[in-house]
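Chemist: Got my_file-v6.csv for you, CSV, C-alpha atoms and all ligand atoms:
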chain,number,residue,atom,x,y,z
A,1,MET,CA,113.9,-67.6,89.1
A,2,PRO,CA,116.9,-66.9,86.9
A,3,SER,CA,120.2,-68.6,87.8
A,4,ARG,CA,122.6,-66.6,89.9
A,5,VAL,CA,126.0,-66.1,88.1
A,6,VAL,CA,129.1,-64.5,89.8
A,7,VAL,CA,131.8,-63.3,87.5
A,8,LEU,CA,135.5,-63.0,88.5
A,9,ILE,CA,137.7,-60.6,86.6
A,10,SER,CA,141.1,-59.0,86.9
A,11,GLY,CA,141.1,-56.5,84.0
A,12,THR,CA,139.2,-55.0,81.1
A,13,GLY,CA,136.0,-57.1,81.5
A,14,SER,CA,134.9,-57.2,77.9
A,15,ASN,CA,133.7,-60.8,78.4
A,16,LEU,CA,131.9,-59.7,81.6
A,17,LEU,CA,130.2,-57.0,79.5
A,18,ALA,CA,129.0,-59.6,77.0
A,19,LEU,CA,127.4,-61.5,79.8
A,20,LEU,CA,125.8,-58.4,81.3
A,21,GLU,CA,124.3,-57.6,77.9
A,22,GLN,CA,122.9,-61.1,77.4
A,23,ALA,CA,121.6,-61.2,81.0
A,24,ALA,CA,119.7,-58.0,80.4
A,25,LEU,CA,117.7,-59.4,77.5
A,26,PRO,CA,114.1,-60.3,78.2
A,27,GLY,CA,113.7,-63.9,79.3
A,28,ALA,CA,117.4,-64.5,80.0
A,29,PRO,CA,117.9,-67.6,82.1
A,30,TYR,CA,120.4,-66.0,84.4
A,31,ALA,CA,121.3,-62.8,86.2
A,32,VAL,CA,124.8,-61.6,87.0
A,33,VAL,CA,124.4,-61.1,90.7
A,34,GLY,CA,128.0,-60.1,91.6
A,35,VAL,CA,131.4,-59.3,90.2
A,36,VAL,CA,134.6,-60.0,92.2
A,37,SER,CA,137.9,-58.6,91.1
A,38,ASN,CA,141.4,-59.1,92.7
A,39,ARG,CA,142.3,-55.6,91.5
A,40,ALA,CA,140.6,-52.4,92.6
A,41,ASP,CA,141.6,-50.8,89.3
A,42,ALA,CA,140.1,-53.4,87.0
A,43,ALA,CA,138.3,-51.5,84.3
A,44,GLY,CA,135.6,-54.1,84.1
A,45,LEU,CA,134.2,-53.0,87.5
A,46,ALA,CA,132.7,-50.0,85.7
A,47,HIS,CA,130.7,-52.4,83.5
A,48,ALA,CA,129.2,-54.0,86.6
A,49,ALA,CA,128.4,-50.6,88.1
A,50,ALA,CA,126.7,-49.5,84.8
A,51,TYR,CA,124.4,-52.5,85.1
A,52,ASP,CA,123.8,-52.0,88.8
A,53,VAL,CA,125.6,-55.2,89.7
A,54,ALA,CA,127.3,-55.4,93.1
A,55,THR,CA,131.1,-55.6,93.1
A,56,ARG,CA,133.7,-56.7,95.6
A,57,VAL,CA,137.4,-56.4,95.5
A,58,VAL,CA,139.6,-59.0,97.2
A,59,ASP,CA,143.2,-57.8,96.6
A,60,HIS,CA,145.6,-60.8,96.6
A,61,ARG,CA,148.4,-58.6,97.9
A,62,ASP,CA,146.5,-58.2,101.2
A,63,PHE,CA,147.0,-61.9,102.0
A,64,ALA,CA,150.0,-63.9,103.2
A,65,ASP,CA,149.5,-66.8,100.8
A,66,ARG,CA,147.3,-68.2,98.1
A,67,ALA,CA,145.3,-70.3,100.6
A,68,ALA,CA,144.3,-67.3,102.7
A,69,PHE,CA,143.4,-65.3,99.6
A,70,ASP,CA,141.2,-68.1,98.3
A,71,VAL,CA,139.4,-68.4,101.6
A,72,ALA,CA,138.5,-64.7,101.5
A,73,LEU,CA,137.6,-64.9,97.8
A,74,ALA,CA,135.3,-67.8,98.5
A,75,GLU,CA,133.6,-65.9,101.3
A,76,ARG,CA,132.9,-62.9,99.0
A,77,ILE,CA,131.7,-65.2,96.2
A,78,ASP,CA,129.4,-67.2,98.5
A,79,ASP,CA,127.8,-64.0,99.8
A,80,PHE,CA,126.2,-63.9,96.3
A,81,ARG,CA,124.9,-67.5,96.5
A,82,PRO,CA,126.0,-68.4,93.0
A,83,ASP,CA,124.7,-71.3,90.9
A,84,LEU,CA,127.7,-70.7,88.5
A,85,VAL,CA,131.0,-69.0,88.9
A,86,VAL,CA,132.6,-67.6,85.7
A,87,LEU,CA,136.3,-66.8,85.4
A,88,ALA,CA,136.4,-64.1,82.7
A,89,GLY,CA,140.0,-62.9,82.5
A,90,PHE,CA,140.7,-63.7,86.2
A,91,MET,CA,144.4,-63.9,86.4
A,92,ARG,CA,145.1,-65.8,89.6
A,93,VAL,CA,146.0,-69.4,90.0
A,94,LEU,CA,143.5,-71.0,92.4
A,95,THR,CA,144.2,-73.6,95.1
A,96,ALA,CA,142.9,-77.1,94.8
A,97,GLY,CA,140.6,-76.5,97.8
A,98,PHE,CA,139.0,-73.5,96.1
A,99,VAL,CA,138.5,-75.4,92.8
A,100,GLU,CA,137.0,-78.3,94.7
A,101,ARG,CA,134.4,-76.1,96.4
A,102,TYR,CA,133.0,-75.0,93.1
A,103,ALA,CA,133.4,-78.3,91.2
A,104,GLY,CA,131.0,-78.6,88.4
A,105,ARG,CA,129.8,-75.0,88.8
A,106,MET,CA,132.9,-73.0,87.8
A,107,ILE,CA,134.0,-72.3,84.2
A,108,ASN,CA,136.8,-70.4,82.6
A,109,ILE,CA,137.4,-68.8,79.2
A,110,HIS,CA,140.8,-69.3,77.8
A,111,PRO,CA,142.1,-67.8,74.6
A,112,SER,CA,143.3,-70.9,72.7
A,113,LEU,CA,142.0,-74.1,71.3
A,114,LEU,CA,142.7,-76.2,74.4
A,115,PRO,CA,144.6,-78.4,75.0
A,116,ALA,CA,146.9,-76.3,72.8
A,117,PHE,CA,148.6,-73.3,74.5
A,118,GLN,CA,147.7,-73.6,78.1
A,119,GLY,CA,149.0,-70.6,80.2
A,120,LEU,CA,149.9,-67.1,79.0
A,121,HIS,CA,150.7,-65.4,75.7
A,122,THR,CA,148.6,-67.8,73.7
A,123,HIS,CA,148.3,-65.6,70.6
A,124,ARG,CA,152.0,-65.0,70.3
A,125,ARG,CA,152.7,-68.7,70.8
A,126,ALA,CA,150.2,-69.7,68.2
A,127,ILE,CA,151.8,-67.5,65.6
A,128,GLU,CA,155.3,-68.6,66.6
A,129,ALA,CA,154.2,-72.2,66.3
A,130,GLY,CA,152.9,-71.6,62.7
A,131,ALA,CA,149.3,-72.5,63.7
A,132,THR,CA,146.8,-72.0,60.9
A,133,GLU,CA,143.9,-72.2,63.3
A,134,HIS,CA,143.5,-70.6,66.7
A,135,GLY,CA,140.6,-69.6,69.0
A,136,ALA,CA,139.1,-69.8,72.4
A,137,SER,CA,137.8,-72.4,74.8
A,138,VAL,CA,135.4,-72.5,77.7
A,139,HIS,CA,136.1,-75.3,80.1
A,140,PHE,CA,135.0,-76.5,83.6
A,141,VAL,CA,137.7,-75.5,86.1
A,142,THR,CA,139.7,-78.3,87.7
A,143,ALA,CA,142.9,-78.3,89.7
A,144,GLU,CA,145.0,-78.4,86.5
A,145,LEU,CA,145.5,-74.9,85.2
A,146,ASP,CA,143.6,-74.5,81.9
A,147,GLY,CA,143.2,-78.3,82.0
A,148,GLY,CA,139.6,-79.0,82.8
A,149,PRO,CA,137.2,-80.7,80.4
A,150,VAL,CA,136.4,-78.4,77.5
A,151,ILE,CA,132.8,-77.5,76.9
A,152,ALA,CA,132.9,-75.4,73.7
A,153,GLN,CA,135.3,-73.7,71.4
A,154,ALA,CA,135.3,-70.9,68.8
A,155,ARG,CA,137.8,-71.2,65.9
A,156,VAL,CA,139.4,-68.5,63.8
A,157,ALA,CA,141.8,-68.9,60.9
A,158,VAL,CA,145.3,-67.4,61.5
A,159,ALA,CA,146.0,-65.0,58.6
A,160,PRO,CA,149.6,-64.8,57.1
A,161,ASN,CA,149.9,-61.2,58.1
A,162,ASP,CA,148.4,-61.6,61.7
A,163,ASP,CA,150.5,-60.3,64.6
A,164,GLU,CA,149.7,-60.9,68.2
A,165,SER,CA,147.3,-58.0,68.5
A,166,THR,CA,145.3,-58.6,65.4
A,167,LEU,CA,144.9,-62.2,66.2
A,168,ALA,CA,144.0,-61.4,69.9
A,169,ALA,CA,141.3,-59.0,68.7
A,170,ARG,CA,139.8,-61.5,66.3
A,171,VAL,CA,139.7,-64.2,69.0
A,172,LEU,CA,138.3,-61.8,71.6
A,173,GLU,CA,135.4,-60.9,69.4
A,174,ARG,CA,134.5,-64.5,69.2
A,175,GLU,CA,134.9,-65.0,72.9
A,176,HIS,CA,132.1,-62.5,73.4
A,177,ARG,CA,129.7,-64.9,71.6
A,178,LEU,CA,131.2,-68.1,73.0
A,179,LEU,CA,131.1,-67.3,76.7
A,180,PRO,CA,127.4,-66.1,76.9
A,181,ARG,CA,126.3,-69.1,74.9
A,182,VAL,CA,128.0,-71.5,77.3
A,183,VAL,CA,126.5,-69.6,80.3
A,184,HIS,CA,123.1,-69.7,78.7
A,185,TRP,CA,123.4,-73.5,78.2
A,186,PHE,CA,124.6,-74.1,81.7
A,187,THR,CA,121.9,-72.0,83.4
A,188,GLN,CA,119.2,-73.7,81.3
A,189,GLY,CA,120.4,-77.0,82.6
A,190,HIS,CA,121.9,-78.5,79.5
A,191,LEU,CA,125.4,-78.9,80.8
A,192,ARG,CA,127.0,-80.7,83.6
A,193,LEU,CA,130.4,-82.1,84.7
A,194,GLN,CA,130.3,-85.8,85.6
A,195,ASP,CA,133.1,-88.3,85.9
A,196,ALA,CA,135.6,-85.7,84.6
A,197,GLN,CA,133.6,-85.4,81.4
A,198,VAL,CA,131.2,-82.7,80.0
A,199,TRP,CA,127.7,-83.9,79.6
A,200,PHE,CA,125.2,-82.1,77.3
A,201,ASP,CA,121.6,-83.0,77.4
A,202,GLY,CA,122.3,-86.3,79.2
A,203,ALA,CA,125.1,-87.6,77.0
A,204,PRO,CA,128.9,-87.2,77.3
A,205,LEU,CA,130.5,-85.0,74.7
A,206,THR,CA,133.0,-86.7,72.5
A,207,GLU,CA,134.4,-83.4,71.4
A,208,PRO,CA,133.9,-79.8,72.4
A,209,LEU,CA,130.8,-78.0,71.1
A,210,ALA,CA,131.6,-75.8,68.2
A,211,CYS,CA,130.6,-72.1,68.4
A,212,ASP,CA,132.0,-71.0,65.1
A,213,ASP,CA,129.5,-68.4,64.0
B,1,LIG,C1,140.3,-63.0,77.4
B,1,LIG,O1,141.1,-63.2,76.3
B,1,LIG,C2,140.1,-64.3,78.2
B,1,LIG,O2,140.0,-65.4,77.3
B,1,LIG,C3,141.4,-64.4,79.0
B,1,LIG,O3,141.6,-63.1,79.4
B,1,LIG,C4,141.0,-62.1,78.5
B,1,LIG,C5,140.1,-61.3,79.3
B,1,LIG,O4,139.6,-60.2,78.5
B,1,LIG,N1,141.2,-65.3,80.0
B,1,LIG,P1,138.4,-59.3,79.1
B,1,LIG,O5,138.9,-58.8,80.5
B,1,LIG,O6,137.2,-60.2,79.3
B,1,LIG,O7,138.3,-58.2,78.2
Output the structure of this file as structure tokens.
Ligand code: GRF

Modeler:
Amino acid sequence: MPSRVVVLISGTGSNLLALLEQAALPGAPYAVVGVVSNRADAAGLAHAAAYDVATRVVDHRDFADRAAFDVALAERIDDFRPDLVVLAGFMRVLTAGFVERYAGRMINIHPSLLPAFQGLHTHRRAIEAGATEHGASVHFVTAELDGGPVIAQARVAVAPNDDESTLAARVLEREHRLLPRVVHWFTQGHLRLQDAQVWFDGAPLTEPLACDD
């Protein structure tokens, strides 16, 4: 049986599309069984529909506080019985209780070489800081925002004439290879979170896996 993957989005969903494309290949070790968005107008919901994947919307504005939103979100997610939850452009800060519920089975993709540039506007900040290298990271989600153990990274060189949008586009293209690769590894049983460290094939990683091609 393929592993059951649930993807959370808030927007365009190009990373979701990369996962849907990989999951549709013969012999894929996972299926995307559900997509949950906190916005009804997230363009990525159309990708899910195109692949006949069930979607749910849990609008954060319908809830009094974060905790109530997270309870409803967890209910929708758990309806899909996930083995892995993937945050792919999901733009909500999650409560510690929610994060704990999916400990070791929730990953996030973040557009920087963590621990550099946690938070928003990473491409602009990388350029402003004069970084010569930038990229994206996939990490296990812990209570610290963008702070969980990093599984794998894709690096790109920052060109002298890059602006925020050219750099973002180059990183995003790499994200579309990075995220499916990590989901593939996880759902084939290569990866786990133990003692706040990433383990790959039974040994702790000393540095994030490189996905530079
Ligand atoms: C990506 O850059 C991802 O790293 C970040 O949000 C963006 C989502 O893009 N967390 P998309 O919705 O997958 O196209």

Chemist: Ligand LIG 1 (chain B): which residues are within 10 Å, counting all atoms listed in the file, as a count of residues only?

Modeler: 44

Chemist: Would you compute the distance between atom CA of A:Ala40 and atom CA of A:Val53? Give it in Å to one decimal.

Modeler: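 Distance reported for this atom pair: 15.5 Å.
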
Chemist: So that I can see what lies close to A:Glu100, please list as an MDAnalysis selection string the residues with an atom at most 8 Å from it, counting only C-alpha atoms and leaving out residues fewer than 3 positions away in the same chain.

Modeler: chainID A and resid 96:97 103 142:143

Chemist: Got time to write the residues from that selection, C-alpha atoms, as a PDB file, in the frame of the given file?

Modeler:
ATOM      1  CA  ALA A  96     142.900 -77.100  94.800  1.00  0.00           C
ATOM      2  CA  GLY A  97     140.600 -76.500  97.800  1.00  0.00           C
ATOM      3  CA  ALA A 103     133.400 -78.300  91.200  1.00  0.00           C
ATOM      4  CA  THR A 142     139.700 -78.300  87.700  1.00  0.00           C
ATOM      5  CA  ALA A 143     142.900 -78.300  89.700  1.00  0.00           C
TER       6      ALA A 143
END

Chemist: The residues within 12 Å of (149.0, -68.5, 100.4), using all atoms listed in the file and the coordinates of the file, should be reported as a ChimeraX atom specification; which are they?

Modeler: /A:60-72,92-98

Chemist: For each of A:Ala152, A:Val57, A:Ala157, A:Val183, take the minimum atom-to-atom distance to A:Ala23, counting all atoms listed in the file, then give the residue where this is smallest.

Modeler: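 Answer, going by the shortest atom-to-atom distance: A:Val183.
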
Chemist: Nearest to A:Val32: which of A:Leu178, A:Glu75, A:His184, A:Glu144 is it, counting all atoms listed in the file?

Modeler: A:His184

Chemist: Which residue gives the smallest distance to A:Ala24 among A:Asp52, A:Asp79, A:Asp195, A:Glu207, with only C-alpha atoms counted?

Modeler: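 Result for the nearest residue to A:Ala24: A:Asp52.
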
Chemist: Which residue is closest to A:Gly27? Choose from A:Val86, A:Leu45, A:Met1, A:Ala116 and count all atoms listed in the file.

Modeler: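 Of all the options, A:Met1 lies closest to A:Gly27.
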
Chemist: Taking all atoms listed in the file into account, name the residue in A:Leu113, A:Trp199, A:Tyr30, A:Pro160 that is nearest to A:Thr132.

Modeler: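 Closest residue, counting all atoms listed in the file: A:Pro160.
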
Chemist: Hey, can you check how far atom CA of A:Pro204 sits from atom CA of A:Val7?

Modeler: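 Atom-to-atom, atom CA of A:Pro204 and atom CA of A:Val7 are spaced 26.1 Å apart.
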
Chemist: Using all atoms listed in the file, which residues sit within 6 Å of A:Val6 once same-chain residues fewer than 6 positions away are excluded, as a ChimeraX atom specification?

Modeler: /A:32-35,82,85

Chemist: Keeping C-alpha atoms, export the residues of the selection given above as a PDB file, in the coordinates of the input.

Modeler:
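Output contents, as saved in part15.pdb:
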ATOM      1  CA  VAL A  32     124.800 -61.600  87.000  1.00  0.00           C
ATOM      2  CA  VAL A  33     124.400 -61.100  90.700  1.00  0.00           C
ATOM      3  CA  GLY A  34     128.000 -60.100  91.600  1.00  0.00           C
ATOM      4  CA  VAL A  35     131.400 -59.300  90.200  1.00  0.00           C
ATOM      5  CA  PRO A  82     126.000 -68.400  93.000  1.00  0.00           C
ATOM      6  CA  VAL A  85     131.000 -69.000  88.900  1.00  0.00           C
TER       7      VAL A  85
END

Chemist: Work out how far atom CA of A:Met106 is from atom CA of A:Arg76, in Å to one decimal.

Modeler: 15.1 Å

Chemist: Just checking: using only C-alpha atoms, which residue out of A:His47, A:Arg105, A:Arg125, A:Arg56 ends up closest to A:Glu164?

Modeler: A:Arg125
